[in-house]
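Next comes model37.cif, a file with mmCIF, C-alpha atoms and all ligand atoms.
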data_protein
#
loop_
_atom_site.label_atom_id
_atom_site.label_comp_id
_atom_site.auth_asym_id
_atom_site.auth_seq_id
_atom_site.Cartn_x
_atom_site.Cartn_y
_atom_site.Cartn_z
CA MET A 1 0.00 0.00 0.00
CA ASP A 2 1.06 3.52 -0.51
CA TYR A 3 2.71 4.27 2.75
CA ALA A 4 4.65 1.06 3.15
CA SER A 5 5.84 1.02 -0.42
CA SER A 6 6.90 4.66 -0.47
CA GLU A 7 9.32 4.34 2.40
CA PRO A 8 11.65 1.50 3.30
CA PRO A 9 10.54 -0.48 6.36
CA PRO A 10 12.47 0.15 9.57
CA PRO A 11 15.39 -2.21 10.02
CA ALA A 12 14.51 -5.41 11.83
CA PRO A 13 16.01 -5.59 15.30
CA HIS A 14 18.80 -8.07 15.79
CA ARG A 15 18.13 -10.84 18.22
CA GLY A 16 20.44 -10.23 21.14
CA HIS A 17 20.77 -6.56 20.23
CA PRO A 18 17.38 -5.17 21.13
CA PRO A 19 16.82 -1.54 20.20
CA ALA A 20 17.17 0.94 22.99
CA GLY A 21 13.64 2.27 23.02
CA PRO A 22 12.76 5.88 23.67
CA ARG A 23 15.43 8.48 24.30
CA SER A 24 15.36 9.59 27.90
CA GLU A 25 13.90 12.98 26.95
CA ASP A 26 11.03 11.14 25.22
CA ALA A 27 10.06 9.19 28.33
CA LEU A 28 6.60 9.86 29.69
CA PRO A 29 6.34 10.75 33.38
CA ALA A 30 5.42 7.85 35.66
CA THR A 31 2.19 9.73 36.38
CA ALA A 32 0.93 9.18 32.81
CA ALA A 33 -2.26 7.32 33.62
CA ALA A 34 -4.17 7.07 30.39
CA ALA A 35 -4.08 7.94 26.71
CA VAL A 36 -6.52 9.01 24.04
CA LYS A 37 -6.10 8.94 20.29
CA VAL A 38 -7.07 10.94 17.25
CA VAL A 39 -6.74 9.64 13.70
CA ILE A 40 -5.48 11.88 10.89
CA VAL A 41 -6.85 10.32 7.75
CA GLY A 42 -6.36 11.40 4.17
CA GLY A 43 -5.13 10.45 0.74
CA PHE A 44 -1.63 9.68 -0.42
CA GLY A 45 0.80 12.56 0.08
CA VAL A 46 -1.77 14.94 1.53
CA GLY A 47 0.42 15.91 4.49
CA LYS A 48 -0.57 13.50 7.27
CA THR A 49 2.99 12.82 8.41
CA THR A 50 3.81 16.51 8.18
CA LEU A 51 0.85 17.42 10.39
CA VAL A 52 1.63 14.72 12.95
CA GLY A 53 5.30 15.73 12.98
CA SER A 54 4.63 19.44 13.37
CA VAL A 55 2.67 19.03 16.62
CA SER A 56 4.25 15.88 18.06
CA GLU A 57 6.64 16.09 20.99
CA ILE A 58 8.48 13.01 19.69
CA ARG A 59 9.85 12.42 16.24
CA PRO A 60 7.05 10.51 14.44
CA LEU A 61 7.37 6.76 14.85
CA THR A 62 6.08 3.98 12.64
CA THR A 63 3.96 1.08 13.78
CA GLU A 64 2.76 -1.77 11.63
CA GLU A 65 0.19 -4.50 11.61
CA THR A 66 -0.14 -7.70 9.67
CA MET A 67 -3.54 -8.02 8.06
CA THR A 68 -4.81 -11.37 6.96
CA GLN A 69 -7.37 -11.42 4.21
CA ALA A 70 -9.23 -14.45 3.07
CA GLY A 71 -9.58 -14.33 -0.68
CA VAL A 72 -10.11 -16.53 -3.67
CA GLY A 73 -6.99 -16.70 -5.79
CA VAL A 74 -7.55 -15.94 -9.46
CA ASP A 75 -5.28 -18.79 -10.46
CA ASP A 76 -7.11 -21.36 -8.41
CA THR A 77 -9.48 -23.04 -10.78
CA ALA A 78 -11.13 -24.78 -7.86
CA GLY A 79 -11.83 -21.40 -6.29
CA VAL A 80 -10.14 -22.47 -3.08
CA GLU A 81 -10.10 -19.90 -0.29
CA ARG A 82 -6.62 -18.62 0.29
CA LYS A 83 -5.34 -16.48 3.05
CA THR A 84 -3.01 -13.68 2.13
CA SER A 85 -1.36 -11.37 4.56
CA THR A 86 -0.01 -7.90 4.05
CA THR A 87 1.78 -5.51 6.33
CA VAL A 88 0.39 -2.03 6.67
CA ALA A 89 2.34 0.72 8.39
CA MET A 90 1.39 4.10 9.74
CA ASP A 91 3.19 6.81 11.57
CA PHE A 92 2.14 8.45 14.76
CA GLY A 93 3.12 11.14 17.20
CA ARG A 94 2.41 12.09 20.76
CA ILE A 95 1.37 15.15 22.77
CA SER A 96 1.45 15.13 26.56
CA ILE A 97 -1.73 16.93 27.56
CA ASN A 98 -0.89 17.07 31.25
CA GLU A 99 0.88 14.93 33.83
CA GLU A 100 -1.77 12.20 33.56
CA LEU A 101 -3.17 12.36 30.03
CA VAL A 102 -1.42 11.65 26.72
CA LEU A 103 -2.80 12.26 23.23
CA TYR A 104 -1.61 10.09 20.34
CA LEU A 105 -2.07 11.09 16.70
CA PHE A 106 -2.15 8.38 14.04
CA GLY A 107 -1.64 9.34 10.40
CA THR A 108 -3.56 6.87 8.29
CA PRO A 109 -3.96 6.61 4.52
CA GLY A 110 -7.68 6.58 3.94
CA GLN A 111 -8.07 5.19 0.49
CA GLN A 112 -7.88 1.57 1.47
CA ARG A 113 -10.60 -0.44 3.04
CA PHE A 114 -8.19 -2.32 5.29
CA TRP A 115 -7.29 0.72 7.29
CA PHE A 116 -10.79 0.59 8.58
CA LEU A 117 -10.25 -3.08 9.38
CA TRP A 118 -7.28 -2.29 11.64
CA ARG A 119 -9.01 -3.19 14.84
CA GLY A 120 -8.54 -0.65 17.55
CA LEU A 121 -7.51 2.18 15.25
CA PHE A 122 -10.83 3.96 14.83
CA GLU A 123 -12.49 2.16 17.74
CA GLY A 124 -11.94 4.18 20.82
CA ALA A 125 -10.62 7.21 18.91
CA LEU A 126 -11.94 10.53 20.18
CA GLY A 127 -12.40 11.60 16.60
CA ALA A 128 -10.69 12.08 13.27
CA VAL A 129 -9.26 14.83 11.09
CA VAL A 130 -9.84 14.33 7.37
CA LEU A 131 -6.94 16.02 5.62
CA VAL A 132 -7.84 17.12 2.11
CA ASP A 133 -5.83 18.16 -0.94
CA THR A 134 -8.11 20.19 -3.19
CA ARG A 135 -6.37 18.77 -6.25
CA ARG A 136 -7.56 15.30 -5.34
CA LEU A 137 -10.89 15.63 -3.62
CA GLU A 138 -12.18 12.26 -4.77
CA VAL A 139 -10.06 10.36 -2.22
CA SER A 140 -11.91 12.19 0.54
CA PHE A 141 -15.41 11.08 -0.47
CA ASP A 142 -14.68 7.52 0.44
CA VAL A 143 -13.00 8.41 3.73
CA ILE A 144 -15.83 10.70 4.81
CA GLY A 145 -18.39 8.04 3.93
CA ARG A 146 -16.63 5.43 6.01
CA LEU A 147 -16.27 7.70 9.02
CA GLU A 148 -19.96 8.58 8.84
CA GLU A 149 -20.86 4.88 8.60
CA ARG A 150 -18.83 4.14 11.69
CA GLY A 151 -20.09 7.11 13.66
CA VAL A 152 -16.57 8.52 14.13
CA PRO A 153 -16.89 12.31 14.61
CA PHE A 154 -14.57 14.25 12.31
CA VAL A 155 -13.58 17.67 11.04
CA VAL A 156 -12.17 18.41 7.59
CA ALA A 157 -8.92 20.35 7.13
CA VAL A 158 -7.79 21.53 3.72
CA ASN A 159 -4.02 21.39 3.51
CA ALA A 160 -3.19 24.46 1.45
CA PHE A 161 -0.54 23.55 -1.10
CA PRO A 162 0.71 26.65 -2.92
CA ASP A 163 0.12 25.23 -6.38
CA ALA A 164 -3.41 24.07 -5.59
CA PRO A 165 -6.23 26.17 -6.98
CA GLU A 166 -8.02 28.17 -4.30
CA HIS A 167 -11.65 27.36 -3.83
CA PRO A 168 -14.09 29.15 -1.57
CA LEU A 169 -14.75 26.93 1.44
CA GLU A 170 -18.45 26.87 0.70
CA ASP A 171 -17.75 25.37 -2.73
CA LEU A 172 -15.57 22.73 -1.12
CA ARG A 173 -18.26 21.98 1.42
CA ALA A 174 -20.75 21.45 -1.36
CA ALA A 175 -18.31 19.36 -3.39
CA LEU A 176 -17.62 17.14 -0.36
CA ASP A 177 -21.33 17.03 0.48
CA LEU A 178 -20.46 17.99 4.05
CA PRO A 179 -23.26 18.86 6.46
CA ASP A 180 -23.11 22.45 7.76
CA SER A 181 -22.46 21.12 11.25
CA VAL A 182 -19.09 19.58 10.33
CA PRO A 183 -16.24 22.10 10.71
CA LEU A 184 -14.18 22.77 7.58
CA VAL A 185 -10.93 24.69 7.95
CA VAL A 186 -7.80 25.53 5.96
CA CYS A 187 -4.38 24.68 7.38
CA ASP A 188 -0.70 24.55 6.63
CA ALA A 189 0.36 21.18 7.98
CA ARG A 190 4.00 22.30 8.15
CA ARG A 191 3.20 24.86 10.78
CA ARG A 192 2.85 23.81 14.37
CA ASP A 193 0.33 26.51 15.29
CA SER A 194 -1.79 25.75 12.24
CA SER A 195 -1.80 22.01 12.93
CA ARG A 196 -2.52 22.68 16.58
CA ASP A 197 -5.52 24.80 15.52
CA VAL A 198 -6.86 21.90 13.46
CA LEU A 199 -6.77 19.68 16.55
CA MET A 200 -8.36 22.48 18.54
CA THR A 201 -11.17 22.68 15.96
CA LEU A 202 -11.79 18.96 16.36
CA MET A 203 -11.83 19.23 20.15
CA ARG A 204 -14.23 22.18 20.15
CA TYR A 205 -16.49 20.26 17.79
CA LEU A 206 -16.38 17.19 20.07
CA HIS A 207 -17.12 19.48 22.97
CA SER A 208 -20.19 20.86 21.23
CA LEU A 209 -21.35 17.33 20.41
CA ALA A 210 -20.88 16.22 24.00
CA ALA A 211 -22.59 19.32 25.34
CA SER A 212 -25.66 18.95 23.14
CA PRO A 213 -25.98 15.33 22.06
CA GLU A 214 -29.41 16.03 20.58
CA ALA A 215 -27.60 17.95 17.83
CA LEU A 216 -26.37 14.64 16.41
CA MET B 1 -2.90 0.66 -4.45
CA SER B 2 -0.60 1.11 -7.39
CA ASN B 3 1.13 -2.26 -7.25
CA PRO B 4 -0.73 -4.75 -5.08
CA GLY B 5 1.73 -7.59 -5.61
CA ARG B 6 4.61 -5.74 -4.03
CA ASP B 7 2.90 -5.27 -0.72
CA TRP B 8 2.48 -8.92 0.16
CA GLU B 9 5.49 -10.02 2.10
CA ASP B 10 6.34 -13.67 2.34
CA GLY B 11 9.35 -14.09 4.60
CA THR B 12 8.02 -12.09 7.51
CA PRO B 13 5.34 -14.38 9.00
CA GLU B 14 7.87 -17.12 9.73
CA ARG B 15 10.06 -14.79 11.75
CA LEU B 16 7.02 -13.59 13.65
CA TYR B 17 5.97 -17.19 14.22
CA VAL B 18 9.28 -17.84 15.96
CA ILE B 19 9.06 -14.76 18.17
CA THR B 20 5.57 -15.60 19.42
CA GLY B 21 6.14 -19.35 19.62
CA GLY B 22 3.54 -19.83 16.93
CA ARG B 23 0.77 -18.12 18.82
CA SER B 24 -1.31 -15.51 17.15
CA GLY B 25 -3.35 -14.20 20.06
CA PRO B 26 -5.59 -12.96 21.47
CA VAL B 27 -3.78 -14.30 24.50
CA SER B 28 -3.52 -11.13 26.54
CA PRO B 29 -5.54 -11.38 29.74
CA VAL B 30 -6.62 -7.77 29.21
CA PRO B 31 -7.63 -6.07 25.97
CA LEU B 32 -4.74 -4.05 24.58
CA ASP B 33 -5.39 -0.95 22.52
CA LEU B 34 -2.77 0.85 20.40
CA VAL B 35 -2.63 3.46 23.15
CA THR B 36 -2.80 1.24 26.22
CA LEU B 37 0.13 2.36 28.37
CA ILE B 38 2.50 -0.34 29.61
CA ILE B 39 4.80 0.05 32.57
CA ALA B 40 7.35 -2.50 33.79
CA LYS B 41 7.41 -3.41 37.47
CA THR B 42 11.12 -4.25 37.38
CA GLY B 43 14.05 -4.33 35.00
CA PRO B 44 14.51 -7.31 32.68
CA ARG B 45 14.87 -10.68 34.39
CA PRO B 46 17.76 -13.03 33.58
CA GLY B 47 16.85 -15.65 31.00
CA MET B 48 14.06 -13.64 29.42
CA GLN B 49 13.47 -13.92 25.67
CA PRO B 50 15.26 -10.90 24.07
CA GLU B 51 11.98 -9.28 22.97
CA HIS B 52 10.53 -9.62 26.46
CA ALA B 53 13.70 -8.15 27.96
CA ALA B 54 13.62 -5.26 25.48
CA ILE B 55 10.05 -4.46 26.48
CA MET B 56 10.97 -4.56 30.17
CA ARG B 57 13.81 -2.12 29.51
CA MET B 58 11.86 0.37 27.44
CA CYS B 59 8.84 0.32 29.75
CA ARG B 60 10.69 1.65 32.79
CA SER B 61 8.51 4.68 32.14
CA PRO B 62 5.03 4.29 30.65
CA LEU B 63 4.96 3.55 26.92
CA SER B 64 2.06 2.90 24.55
CA VAL B 65 1.62 -0.38 22.70
CA ALA B 66 2.13 1.58 19.44
CA GLU B 67 5.48 2.95 20.64
CA ILE B 68 6.63 -0.51 21.76
CA SER B 69 5.72 -1.83 18.31
CA ALA B 70 7.67 1.02 16.68
CA TYR B 71 10.82 0.55 18.78
CA LEU B 72 10.78 -3.23 18.36
CA ALA B 73 9.88 -2.94 14.65
CA LEU B 74 7.29 -5.65 15.18
CA PRO B 75 3.61 -5.67 14.22
CA VAL B 76 1.12 -4.68 16.87
CA SER B 77 -0.43 -8.17 16.96
CA VAL B 78 2.97 -9.72 17.76
CA VAL B 79 3.67 -7.11 20.43
CA THR B 80 0.26 -7.86 21.91
CA VAL B 81 1.17 -11.54 22.28
CA LEU B 82 4.50 -10.64 23.93
CA LEU B 83 2.78 -8.20 26.27
CA GLY B 84 0.19 -10.83 27.14
CA ASP B 85 3.01 -13.06 28.41
CA LEU B 86 4.44 -10.26 30.54
CA ILE B 87 1.05 -9.24 31.93
CA THR B 88 0.17 -12.84 32.78
CA ALA B 89 3.52 -13.27 34.51
CA GLY B 90 2.92 -10.06 36.45
CA HIS B 91 6.03 -8.37 35.05
CA VAL B 92 4.25 -5.34 33.58
CA LEU B 93 1.12 -3.35 34.31
CA SER B 94 -1.28 -1.98 31.71
CA ARG B 95 -3.18 1.27 31.91
CA PRO B 96 -6.18 1.18 29.58
CA PRO B 97 -6.98 4.20 27.41
CA VAL B 98 -9.79 6.55 28.28
CA ALA B 99 -12.66 4.90 26.46
CA PRO B 100 -14.91 7.55 25.00
CA ALA B 101 -18.44 6.31 25.60
CA LYS B 102 -20.89 7.05 22.81
CA LEU B 103 -19.87 10.64 23.26
CA PRO B 104 -16.65 11.72 24.91
CA ASP B 105 -16.74 13.19 28.32
CA LEU B 106 -16.83 17.00 28.54
CA ALA B 107 -14.13 17.16 31.20
CA LEU B 108 -11.83 14.99 29.08
CA ILE B 109 -12.29 17.21 26.02
CA GLU B 110 -11.70 20.31 28.12
CA ALA B 111 -8.46 18.81 29.46
CA VAL B 112 -7.26 18.16 25.91
CA ILE B 113 -8.18 21.71 24.85
CA ASP B 114 -6.22 23.12 27.78
CA GLY B 115 -3.25 20.95 26.90
CA LEU B 116 -3.29 21.97 23.23
CA ARG B 117 -3.51 25.62 24.18
CA LYS B 118 -0.14 25.29 25.92
CA LEU B 119 1.55 23.91 22.81
N1 LIG A 301 3.33 23.51 0.54
C1 LIG A 301 2.99 22.61 1.42
N2 LIG A 301 3.59 21.41 1.37
C2 LIG A 301 3.24 20.47 2.26
C3 LIG A 301 2.27 20.72 3.25
N3 LIG A 301 2.11 19.61 3.99
C4 LIG A 301 2.93 18.70 3.47
N4 LIG A 301 3.65 19.20 2.45
C5 LIG A 301 4.62 18.47 1.64
O1 LIG A 301 3.94 17.46 0.93
C6 LIG A 301 4.69 16.25 0.88
C7 LIG A 301 3.89 15.08 1.45
O2 LIG A 301 3.65 15.29 2.83
P1 LIG A 301 3.52 14.08 3.85
O3 LIG A 301 3.31 14.67 5.19
O4 LIG A 301 4.62 13.10 3.69
O5 LIG A 301 2.17 13.42 3.35
P2 LIG A 301 1.50 12.07 3.85
O6 LIG A 301 0.03 12.30 3.78
O7 LIG A 301 2.06 11.62 5.14
O8 LIG A 301 1.95 11.10 2.70
P3 LIG A 301 1.85 9.51 2.66
O9 LIG A 301 2.10 9.00 4.04
O10 LIG A 301 2.92 9.11 1.68
O11 LIG A 301 0.48 9.20 2.18
C8 LIG A 301 5.95 16.53 1.66
O12 LIG A 301 6.96 16.83 0.74
C9 LIG A 301 5.62 17.75 2.50
O13 LIG A 301 6.75 18.54 2.78
C10 LIG A 301 1.68 22.04 3.30
O14 LIG A 301 0.84 22.35 4.12
N5 LIG A 301 2.07 22.92 2.35
MG MG A 302 2.88 9.78 5.68
#

Kindly present the structure from the file in structure tokens form.
Amino acid sequence: MDYASSEPPPPAPHRGHPPAGPRSEDALPATAAAAVKVVIVGGFGVGKTTLVGSVSEIRPLTTEETMTQAGVGVDDTAGVERKTSTTVAMDFGRISINEELVLYLFGTPGQQRFWFLWRGLFEGALGAVVLVDTRRLEVSFDVIGRLEERGVPFVVAVNAFPDAPEHPLEDLRAALDLPDSVPLVVCDARRRDSSRDVLMTLMRYLHSLAASPEAL
Amino acid sequence: MSNPGRDWEDGTPERLYVITGGRSGPVSPVPLDLVTLIIAKTGPRPGMQPEHAAIMRMCRSPLSVAEISAYLALPVSVVTVLLGDLITAGHVLSRPPVAPAKLPDLALIEAVIDGLRKL
């Protein structure tokens, strides 16, 4: 898939030479009691890693999962069920909210069904940010549809690439068929304050949902 | 996916099979989320499997399952099996994530907003 094939996998650890783990300045305080997560989802090259990296207190790390899919091989004349497995990787970052609470941000390519099969990725997430490149809106339709299906609350952030044509937000909202209630903002994923504001927009939206659940 | 064939890796499952002793979970006595925090009760014990010892070392301070997977360069499902062993043996503790109910808790959201403001 896009992410894993665009970057070489991390080197496998040597048995007997286990990797060190976090640098001491990356260690969480012993008081860290619980974590929450937010998923940054968007098409290939839209700026997910950039956004995660610009707000994360640690250099983004990569985690992976092996997905097993049952499928019928095209070469099998008998139509025998075969199991194939693939490794999907995603990067993530971390923000310590306070002494007890930690926020993790997972940057996830959205164009593939199996991301939504990664158990525990969207389940239990506070919400999601759909990162959009206006030059390739079509990727976002699918992502937004899947989030709606799953009842994952989300906001949409347009990552403003300089060479992308500028569209009024209301036109984008119409093109994405977004309800008026879903926040739509413009950001520059390279900038920490801008990325932070995107997360803030999501949190304020979640706050409004939690404060008036009848609005759902 | 531009080139589906390239993404299917063959060699890897065997290596993973060795590390987990052929088990593929779920064998953890508690459910483990990507952001469950793990903390070791002690340093590594003599005779531990290298992966177990590595986890014991890196979890001297709390660390999420996702971070452990990243530092070990092992899939989350394999890490989950390894952590299950350590939890069952009482070597590490797990701190479950804040589970947002149907709707997240107002106080939790407010805490996150406060934290982000300080960034
Ligand atoms: N001009 C501009 N460039 C950006 C912005 N965000 C990201 N980029 C650049 O766009 C390229 C892709 O960004 P990434 O953050 O790697 O995108 P990604 O979504 O993680 O990509 P994949 O993981 O490969 O799907 C990089 O070269 C970034 O430097 C932005 O806001 N403005
Ligand atoms: Mg990326």

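Considering the residues A:Gly107, A:Pro183, A:Pro165, A:Gly151 and counting only C-alpha atoms, chain B has its shortest atom-to-atom contact with A:Gly151.
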
Env. residues ligand MG 302 (chain A) / 8 Å / all atoms listed in the file / as a ChimeraX atom specification: /A:3,44-45,47-50,90-91,107-109

Under the rule of at most 10 Å, produce a per-residue listing of chain A near ligand LIG 301 (chain A): chain, number, name, the closest pair of atoms, and the distance in Å, as CSV, using only C-alpha atoms and all ligand atoms.
residue,atom,partner,partner_atom,distance
A:Met1,CA,A:LIG301,O11,9.5
A:Asp2,CA,A:LIG301,O10,6.3
A:Tyr3,CA,A:LIG301,O9,4.9
A:Ala4,CA,A:LIG301,O10,8.4
A:Ser5,CA,A:LIG301,O10,8.9
A:Ser6,CA,A:LIG301,O10,6.3
A:Glu7,CA,A:LIG301,O10,8.0
A:Ile40,CA,A:LIG301,O6,9.0
A:Val41,CA,A:LIG301,O6,8.2
A:Gly42,CA,A:LIG301,O6,6.5
A:Gly43,CA,A:LIG301,O11,5.9
A:Phe44,CA,A:LIG301,O11,3.4
A:Gly45,CA,A:LIG301,O8,3.2
A:Val46,CA,A:LIG301,O6,3.9
A:Gly47,CA,A:LIG301,O3,3.2
A:Lys48,CA,A:LIG301,O6,3.7
A:Thr49,CA,A:LIG301,O7,3.6
A:Thr50,CA,A:LIG301,O3,3.5
A:Leu51,CA,A:LIG301,O3,6.4
A:Val52,CA,A:LIG301,O3,7.9
A:Gly53,CA,A:LIG301,O3,8.1
A:Ser54,CA,A:LIG301,O3,9.6
A:Ala89,CA,A:LIG301,O9,9.4
A:Met90,CA,A:LIG301,O9,7.6
A:Asp91,CA,A:LIG301,O9,7.9
A:Gly107,CA,A:LIG301,O7,6.8
A:Thr108,CA,A:LIG301,O9,7.4
A:Pro109,CA,A:LIG301,O11,5.6
A:Gly110,CA,A:LIG301,O11,8.7
A:Gln111,CA,A:LIG301,O11,9.6
A:Leu131,CA,A:LIG301,O6,8.1
A:Val132,CA,A:LIG301,O6,9.4
A:Asp133,CA,A:LIG301,O14,9.4
A:Val158,CA,A:LIG301,O14,8.7
A:Asn159,CA,A:LIG301,O14,5.0
A:Ala160,CA,A:LIG301,O14,5.3
A:Phe161,CA,A:LIG301,N1,4.2
A:Pro162,CA,A:LIG301,N1,5.4
A:Asp163,CA,A:LIG301,N1,7.8
A:Ala164,CA,A:LIG301,N1,9.1
A:Val186,CA,A:LIG301,O14,9.4
A:Cys187,CA,A:LIG301,O14,6.6
A:Asp188,CA,A:LIG301,O14,3.7
A:Ala189,CA,A:LIG301,O14,4.1
A:Arg190,CA,A:LIG301,O14,5.1
A:Arg191,CA,A:LIG301,O14,7.5
A:Ser194,CA,A:LIG301,O14,9.2
A:Ser195,CA,A:LIG301,O14,9.2

In Å, rounded to a single decimal, give me how far CA of Glu25 (chain A) is from CA of Ser94 (chain B).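 So the two atoms, CA of Ser94 (chain B) and CA of Glu25 (chain A), lie 21.8 Å apart.
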
Quick one: of B:Ala66, B:Ala40, B:Met48, B:Met56, who's nearest to chain A, counting all atoms listed in the file? B:Ala66

Can you tell me, as number ranges by chain, what residues are no more than 12 Å from Pro168 (chain A) when counting all atoms listed in the file, ignoring any on the same chain fewer than 4 positions away? A: 134, 158, 172-175, 184-186

Those same residues, written as a PDB file, in the frame of the given file with C-alpha atoms?
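Just written: out_38.pdb:
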ATOM      1  CA  THR A 134      -8.110  20.190  -3.190  1.00  0.00           C
ATOM      2  CA  VAL A 158      -7.790  21.530   3.720  1.00  0.00           C
ATOM      3  CA  LEU A 172     -15.570  22.730  -1.120  1.00  0.00           C
ATOM      4  CA  ARG A 173     -18.260  21.980   1.420  1.00  0.00           C
ATOM      5  CA  ALA A 174     -20.750  21.450  -1.360  1.00  0.00           C
ATOM      6  CA  ALA A 175     -18.310  19.360  -3.390  1.00  0.00           C
ATOM      7  CA  LEU A 184     -14.180  22.770   7.580  1.00  0.00           C
ATOM      8  CA  VAL A 185     -10.930  24.690   7.950  1.00  0.00           C
ATOM      9  CA  VAL A 186      -7.800  25.530   5.960  1.00  0.00           C
TER      10      VAL A 186
END

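Residues within 6 Å of Val35 (chain B), counting only C-alpha atoms and excluding same-chain residues fewer than 3 positions away, are Ala35 of chain A; Ser64 and Val65 of chain B.
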
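Here the question is which of B:Glu67, B:Ala99, B:Leu119, B:Gln49 gets nearest to Leu126 (chain A) using only C-alpha atoms, and that residue is B:Ala99.
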
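Distances to Leu86 (chain B) were evaluated for B:His52, B:Ile68, B:Pro46, B:Ile39 using only C-alpha atoms, and the minimum falls at B:His52.
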
Which of A:Val39, A:Leu147, A:Leu103, A:Val129 sits closest to chain B [using only C-alpha atoms]: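 Of all the options, A:Leu103 lies closest to chain B.
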
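When CA of Asp177 (chain A) is paired with CA of Gly145 (chain A), their separation reads 10.1 Å.
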
Here is a test: counting all atoms listed in the file, which residue of A:Asp193, A:Glu64, A:Glu57, A:Asp26 is nearest to chain B?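 Ranking A:Asp193, A:Glu64, A:Glu57, A:Asp26 by distance to chain B, first place goes to A:Glu64.
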
Gap from CA of Arg95 (chain B) to CA of Val198 (chain A) - Å, one decimal: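 Those two atoms sit 27.9 Å apart.
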
Within 9 Å of Arg59 (chain A), counting all atoms listed in the file, which residues show up once you throw out same-chain ones fewer than 4 positions away? Write them as a PyMOL selection string, please. chain A and resi 53+92-94
